[in-house]
Each structure stands twice: as structure tokens, then as C-alpha cells.
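Beneath this line is the structure, given in C-alpha cells, with notes to follow.
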Amino acid sequence: ATVPGEGRSVVMIVRREDNKALSMFSLGKNSYVHAFHWVNPTRVLISMSEKFGFLDNPMLNGNLYAIDADGSDPEILVGQDVQEISAGSRLRRKETEQVAAFLVDDLPDDDRHVLIDVTGFHDDSYSRIEKMDVYSGRRTRVTGSPVTNAYFTTDNAGNVRFAHGSDLENNNKLYYRAGEGADWTLLNEQGKSGVIESPLGFSADDAIAYLQVEMPGGPDAVVAMDVATGKRSQVFRDDDTDPMGVIRGARGVPIGVVLPDGKTRSVYFDPESEDARVQRTL
């Protein structure tokens, strides 16, 4: 759980059997927990945010940490603050590199590795995907981005399939590749199509990719694209509101969207699906 403190927040790991706190992770004043992920039953990956200057809202700083559930083996694995960790710190030193790193896929079937987006600290950077060991911090390159300022989307097998970013003219581009090792193909270019397309995720069998697509008039649509044929069909489009967020079911599969029209509401692509019923119940 995340627990608020004075000028900071911490990750606290609690044993459910008796509510006993087993360990705590904190970085001190002005540091806040952005997210944490169980990579396996005993190892937790943590991304932190920080308040900079007069900003009220903490901002992601691009550092990734890990700790065992019992509080042992805390480490900074990658990020700009690696070189600032002192020799006397409980966090072991890593190779210094001026980069920001963000979790892309925690690879549910791999208890030791995650996929991260690694970006340099300069304008219009070409980011890359790396596979990282959550114990040693060792990283191996998986693929690079075909466009600057990119975000990546993986399928359910952990393969990087979409890169979505913008070029030097702020022209939005969406690239797709068929699988591991395949070449990137330009799927949409805002400068030519006049619209922005963004990936939302894949169906459970990875045969369908879901996209949020701008329309020439009116709100965005959610479109299902058959990745084998490229054929598209509209899954959902509201009468007056763009989707604000995606509702995900098992293993992150998109099952609906959140609409911010007045009182926020949820819409499910298949209202009778098991995932939709469970989420409505919650």
C-alpha cells in the first residue's frame, strides 16, 4: 500500500494474515510513490515522483527502484539519480547513465525481468525498449523507436508492437510491427491523415489491436483492427465525448472506456462479459 506522510509518501508491504507491516520503502522529503508492481511474489518494482521547485503536483523523475517484500535488497536499478547514491547508502551503486526509465510491461510470465522505456535527457529523444533484471539492474536492448518522443505498447506475450510519438514538427505518428524482430511500419501520420491514432491494447489472443482514432467531426472512436488483414471496425463511439481512459480486464485487455461527460461514467464494449460484470459489481 502507499501511505501518506509529511511531505512524502511511502510504500508499505503488509502481511494480510495479521495486518503486520513487513517493510517500508521511502526516499524522504518531496518524494512520492507513483506506482508499484509485484514482479513476482517477493519482489516489488517502484517508480517515484518528486516535487520540483514550486510545483504542487509531484512529477515522475524517471528512477526505478526495487525491494524484496521483507525489506531486504533495496536498489535503485536505473535512472538519473543512480550516480547520486552515496557509498554509505543501503542502495547499491549501479552504472551511471543520464536517462529516465519507465515501466512498459511487467512480463507476468517472467519473474525476473520487466520491459522498460529508456529515454535520454535531451529534446526530441529517440527512446528504446530494454529488458531489465529486477535484481541486478542488468539491461539488454530489445528495440529502438522509429519516431521521437515515443510511447510503446506491448501485446499479451510481452512483444513490443506499437510505437506512438511525434517528430520535430510535432506531427503525430503511429508505427506498428508484426512481432519480435519485425520492421516498423508507419500506420498513421497526422500530417497526411489529419487525425491522431493511439494504441489502447490487444485482445486476449493478440489477433485484434484496439485504437483510439480521432474523427473529422465529433468525438473519438474506439476501433478494432485485425492485425493480420488490417481490416477495421468501430467498437464504440459516444455522441459527444472523447474517451478519457481505458478500462482493462484480465492481463490488461481493453474491455471498455471511461467518459468524462459531467459525472464520469464507464462503458463496456461487451456489457455481459465476465470482466464487465465483475467490475460493475466492484
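Here's how to read the names in the C-alpha cells: chain A, B, ... by the order shown, residue numbers from 1 in each chain, ligand numbers from 1 in the order shown.
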Among segment 72-252 of chain A, which ones does DSSP assign to helix (DSSP H, G or I) (computed from the backbone)? Answer as a list in words. Val82, Gln83, Glu84, Gln190, Gly191, Lys192, Ser193, Ala250, Arg251 and Gly252 of chain A
Enumerate the residues of segment 100-238 of chain A with a DSSP assignment of strand (DSSP E), computed from the backbone, and present them as a VMD selection string. chain A and resid 100 to 105 113 to 120 128 to 133 139 to 144 151 to 154 160 to 166 172 to 176 185 to 189 197 to 202 208 to 213 221 to 226 232 to 237
Writing out the chosen residues with C-alpha atoms as a PDB file, in the first residue's frame:
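File produced: selection.pdb:
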```
ATOM      1  CA  ALA A 100      14.820   8.375 -17.498  1.00  0.00           C
ATOM      2  CA  ALA A 101      13.214   4.931 -17.332  1.00  0.00           C
ATOM      3  CA  PHE A 102       9.542   3.976 -17.209  1.00  0.00           C
ATOM      4  CA  LEU A 103       7.858   0.598 -16.900  1.00  0.00           C
ATOM      5  CA  VAL A 104       6.201  -0.616 -20.113  1.00  0.00           C
ATOM      6  CA  ASP A 105       5.388  -4.256 -19.323  1.00  0.00           C
ATOM      7  CA  HIS A 113      12.541  -9.278 -15.869  1.00  0.00           C
ATOM      8  CA  VAL A 114      10.442  -6.307 -16.977  1.00  0.00           C
ATOM      9  CA  LEU A 115      10.383  -4.172 -20.116  1.00  0.00           C
ATOM     10  CA  ILE A 116      11.260  -0.518 -19.649  1.00  0.00           C
ATOM     11  CA  ASP A 117      11.271   2.586 -21.846  1.00  0.00           C
ATOM     12  CA  VAL A 118      14.691   4.273 -21.583  1.00  0.00           C
ATOM     13  CA  THR A 119      14.992   7.887 -22.752  1.00  0.00           C
ATOM     14  CA  GLY A 120      17.919  10.300 -22.749  1.00  0.00           C
ATOM     15  CA  ARG A 128      14.463   2.463 -26.645  1.00  0.00           C
ATOM     16  CA  ILE A 129      12.948  -0.607 -25.040  1.00  0.00           C
ATOM     17  CA  GLU A 130      15.182  -2.662 -22.777  1.00  0.00           C
ATOM     18  CA  LYS A 131      14.630  -5.844 -20.785  1.00  0.00           C
ATOM     19  CA  MET A 132      15.794  -5.302 -17.205  1.00  0.00           C
ATOM     20  CA  ASP A 133      16.680  -7.759 -14.449  1.00  0.00           C
ATOM     21  CA  ARG A 139      19.624  -4.353 -19.106  1.00  0.00           C
ATOM     22  CA  THR A 140      19.583  -5.655 -22.666  1.00  0.00           C
ATOM     23  CA  ARG A 141      18.250  -3.749 -25.663  1.00  0.00           C
ATOM     24  CA  VAL A 142      15.061  -5.063 -27.270  1.00  0.00           C
ATOM     25  CA  THR A 143      14.228  -2.430 -29.890  1.00  0.00           C
ATOM     26  CA  GLY A 144      14.504   1.262 -30.669  1.00  0.00           C
ATOM     27  CA  TYR A 151       5.372   5.632 -26.136  1.00  0.00           C
ATOM     28  CA  PHE A 152       5.355   1.856 -26.606  1.00  0.00           C
ATOM     29  CA  THR A 153       2.588  -0.741 -26.426  1.00  0.00           C
ATOM     30  CA  THR A 154       3.139  -4.477 -25.993  1.00  0.00           C
ATOM     31  CA  VAL A 160       6.619  -4.580 -28.464  1.00  0.00           C
ATOM     32  CA  ARG A 161       4.067  -3.937 -31.230  1.00  0.00           C
ATOM     33  CA  PHE A 162       3.297  -0.182 -31.319  1.00  0.00           C
ATOM     34  CA  ALA A 163       5.387   2.986 -31.117  1.00  0.00           C
ATOM     35  CA  HIS A 164       3.433   6.230 -30.864  1.00  0.00           C
ATOM     36  CA  GLY A 165       5.173   9.617 -30.908  1.00  0.00           C
ATOM     37  CA  SER A 166       5.760  12.893 -32.737  1.00  0.00           C
ATOM     38  CA  ASN A 172       1.959  12.675 -34.596  1.00  0.00           C
ATOM     39  CA  LYS A 173       2.883   9.228 -35.971  1.00  0.00           C
ATOM     40  CA  LEU A 174       1.821   5.687 -35.155  1.00  0.00           C
ATOM     41  CA  TYR A 175       4.067   2.745 -36.069  1.00  0.00           C
ATOM     42  CA  TYR A 176       3.259  -0.968 -35.924  1.00  0.00           C
ATOM     43  CA  THR A 185       5.617   0.091 -40.452  1.00  0.00           C
ATOM     44  CA  LEU A 186       4.045   3.549 -40.468  1.00  0.00           C
ATOM     45  CA  LEU A 187       0.353   3.039 -39.712  1.00  0.00           C
ATOM     46  CA  ASN A 188      -0.810   6.637 -39.424  1.00  0.00           C
ATOM     47  CA  GLU A 189       0.737  10.067 -39.923  1.00  0.00           C
ATOM     48  CA  GLU A 197      -4.455   7.463 -33.771  1.00  0.00           C
ATOM     49  CA  SER A 198      -3.338   5.972 -30.451  1.00  0.00           C
ATOM     50  CA  PRO A 199      -2.974   2.304 -29.423  1.00  0.00           C
ATOM     51  CA  LEU A 200      -5.042   1.080 -26.485  1.00  0.00           C
ATOM     52  CA  GLY A 201      -4.030  -2.581 -26.309  1.00  0.00           C
ATOM     53  CA  PHE A 202      -4.734  -6.053 -27.683  1.00  0.00           C
ATOM     54  CA  ILE A 208      -7.121  -7.621 -32.558  1.00  0.00           C
ATOM     55  CA  ALA A 209      -5.498  -4.303 -31.718  1.00  0.00           C
ATOM     56  CA  TYR A 210      -7.662  -1.566 -30.234  1.00  0.00           C
ATOM     57  CA  LEU A 211      -7.038   2.033 -31.324  1.00  0.00           C
ATOM     58  CA  GLN A 212      -8.454   5.386 -30.290  1.00  0.00           C
ATOM     59  CA  VAL A 213      -8.999   7.274 -33.537  1.00  0.00           C
ATOM     60  CA  ALA A 221     -13.917   6.383 -31.810  1.00  0.00           C
ATOM     61  CA  VAL A 222     -12.539   3.116 -30.453  1.00  0.00           C
ATOM     62  CA  VAL A 223     -11.626   0.926 -33.419  1.00  0.00           C
ATOM     63  CA  ALA A 224     -10.720  -2.766 -33.562  1.00  0.00           C
ATOM     64  CA  MET A 225      -8.019  -3.588 -36.130  1.00  0.00           C
ATOM     65  CA  ASP A 226      -7.421  -7.145 -37.325  1.00  0.00           C
ATOM     66  CA  ARG A 232     -11.008  -2.130 -39.097  1.00  0.00           C
ATOM     67  CA  SER A 233     -14.369  -1.968 -37.389  1.00  0.00           C
ATOM     68  CA  GLN A 234     -15.763   0.567 -34.940  1.00  0.00           C
ATOM     69  CA  VAL A 235     -16.261  -0.817 -31.443  1.00  0.00           C
ATOM     70  CA  PHE A 236     -17.551   2.271 -29.663  1.00  0.00           C
ATOM     71  CA  ARG A 237     -18.167   5.974 -30.222  1.00  0.00           C
TER      72      ARG A 237
END
```
Atom CA of Leu45 of chain A sits from atom CA of Asp106 of chain A at a separation of 9.0 Å
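Considering only C-alpha atoms, the residue among A:Asp167, A:Asp18, A:Glu97, A:Asp242 positioned nearest to Ser125 of chain A is A:Asp167.
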I'd like the contact shell of Ser26 of chain A - 12 Å cut-off, only C-alpha atoms, skipping same-chain residues fewer than 2 positions apart - returned as an NGL selection string. :A and (2-13 or 23-24 or 28-34 or 46-50 or 65-67 or 71 or 74-76 or 90-91)
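Put simply, atom CA of Glu274 of chain A is 26.6 Å away from atom CA of Lys231 of chain A.
The two atoms in question, atom CA of Gly230 of chain A and atom CA of Tyr126 of chain A, are spaced 26.9 Å apart.
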Report as a PDB file with C-alpha atoms, in the first residue's frame all protein, DNA and RNA residues lying within 9 Å of segment 255-266 of chain A, evaluated on only C-alpha atoms, omitting residues in the same chain fewer than 2 positions from it.
```pdb
ATOM      1  CA  SER A 203      -7.411  -8.709 -27.416  1.00  0.00           C
ATOM      2  CA  VAL A 222     -12.539   3.116 -30.453  1.00  0.00           C
ATOM      3  CA  PHE A 236     -17.551   2.271 -29.663  1.00  0.00           C
ATOM      4  CA  ASP A 238     -20.045   8.306 -27.888  1.00  0.00           C
ATOM      5  CA  ASP A 240     -20.448  13.938 -27.637  1.00  0.00           C
ATOM      6  CA  THR A 241     -17.443  12.863 -25.513  1.00  0.00           C
ATOM      7  CA  ASP A 242     -13.934  11.531 -26.182  1.00  0.00           C
ATOM      8  CA  PRO A 243     -12.804   8.514 -24.139  1.00  0.00           C
ATOM      9  CA  MET A 244     -10.673   9.694 -21.215  1.00  0.00           C
ATOM     10  CA  GLY A 245      -9.231   6.351 -20.158  1.00  0.00           C
ATOM     11  CA  VAL A 246      -9.322   2.636 -20.858  1.00  0.00           C
ATOM     12  CA  ILE A 247     -10.938   0.025 -18.611  1.00  0.00           C
ATOM     13  CA  ARG A 248      -8.855  -3.144 -18.624  1.00  0.00           C
ATOM     14  CA  GLY A 249      -9.777  -6.677 -17.743  1.00  0.00           C
ATOM     15  CA  GLY A 252      -4.688  -5.644 -19.375  1.00  0.00           C
ATOM     16  CA  VAL A 253      -7.071  -6.409 -22.232  1.00  0.00           C
ATOM     17  CA  TYR A 268     -18.121  -1.661 -21.601  1.00  0.00           C
ATOM     18  CA  PHE A 269     -17.651  -2.987 -25.131  1.00  0.00           C
ATOM     19  CA  ASP A 270     -19.451  -6.193 -24.095  1.00  0.00           C
ATOM     20  CA  PRO A 271     -21.646  -5.394 -21.060  1.00  0.00           C
ATOM     21  CA  SER A 273     -18.717 -10.234 -20.394  1.00  0.00           C
ATOM     22  CA  ASP A 275     -14.867  -8.841 -16.728  1.00  0.00           C
ATOM     23  CA  ALA A 276     -17.617  -6.228 -17.175  1.00  0.00           C
TER      24      ALA A 276
END
```
Counting only C-alpha atoms, closest pick from A:Asp68, A:Glu17, A:Asp111, A:Glu214 relative to Arg43 of chain A is A:Asp68
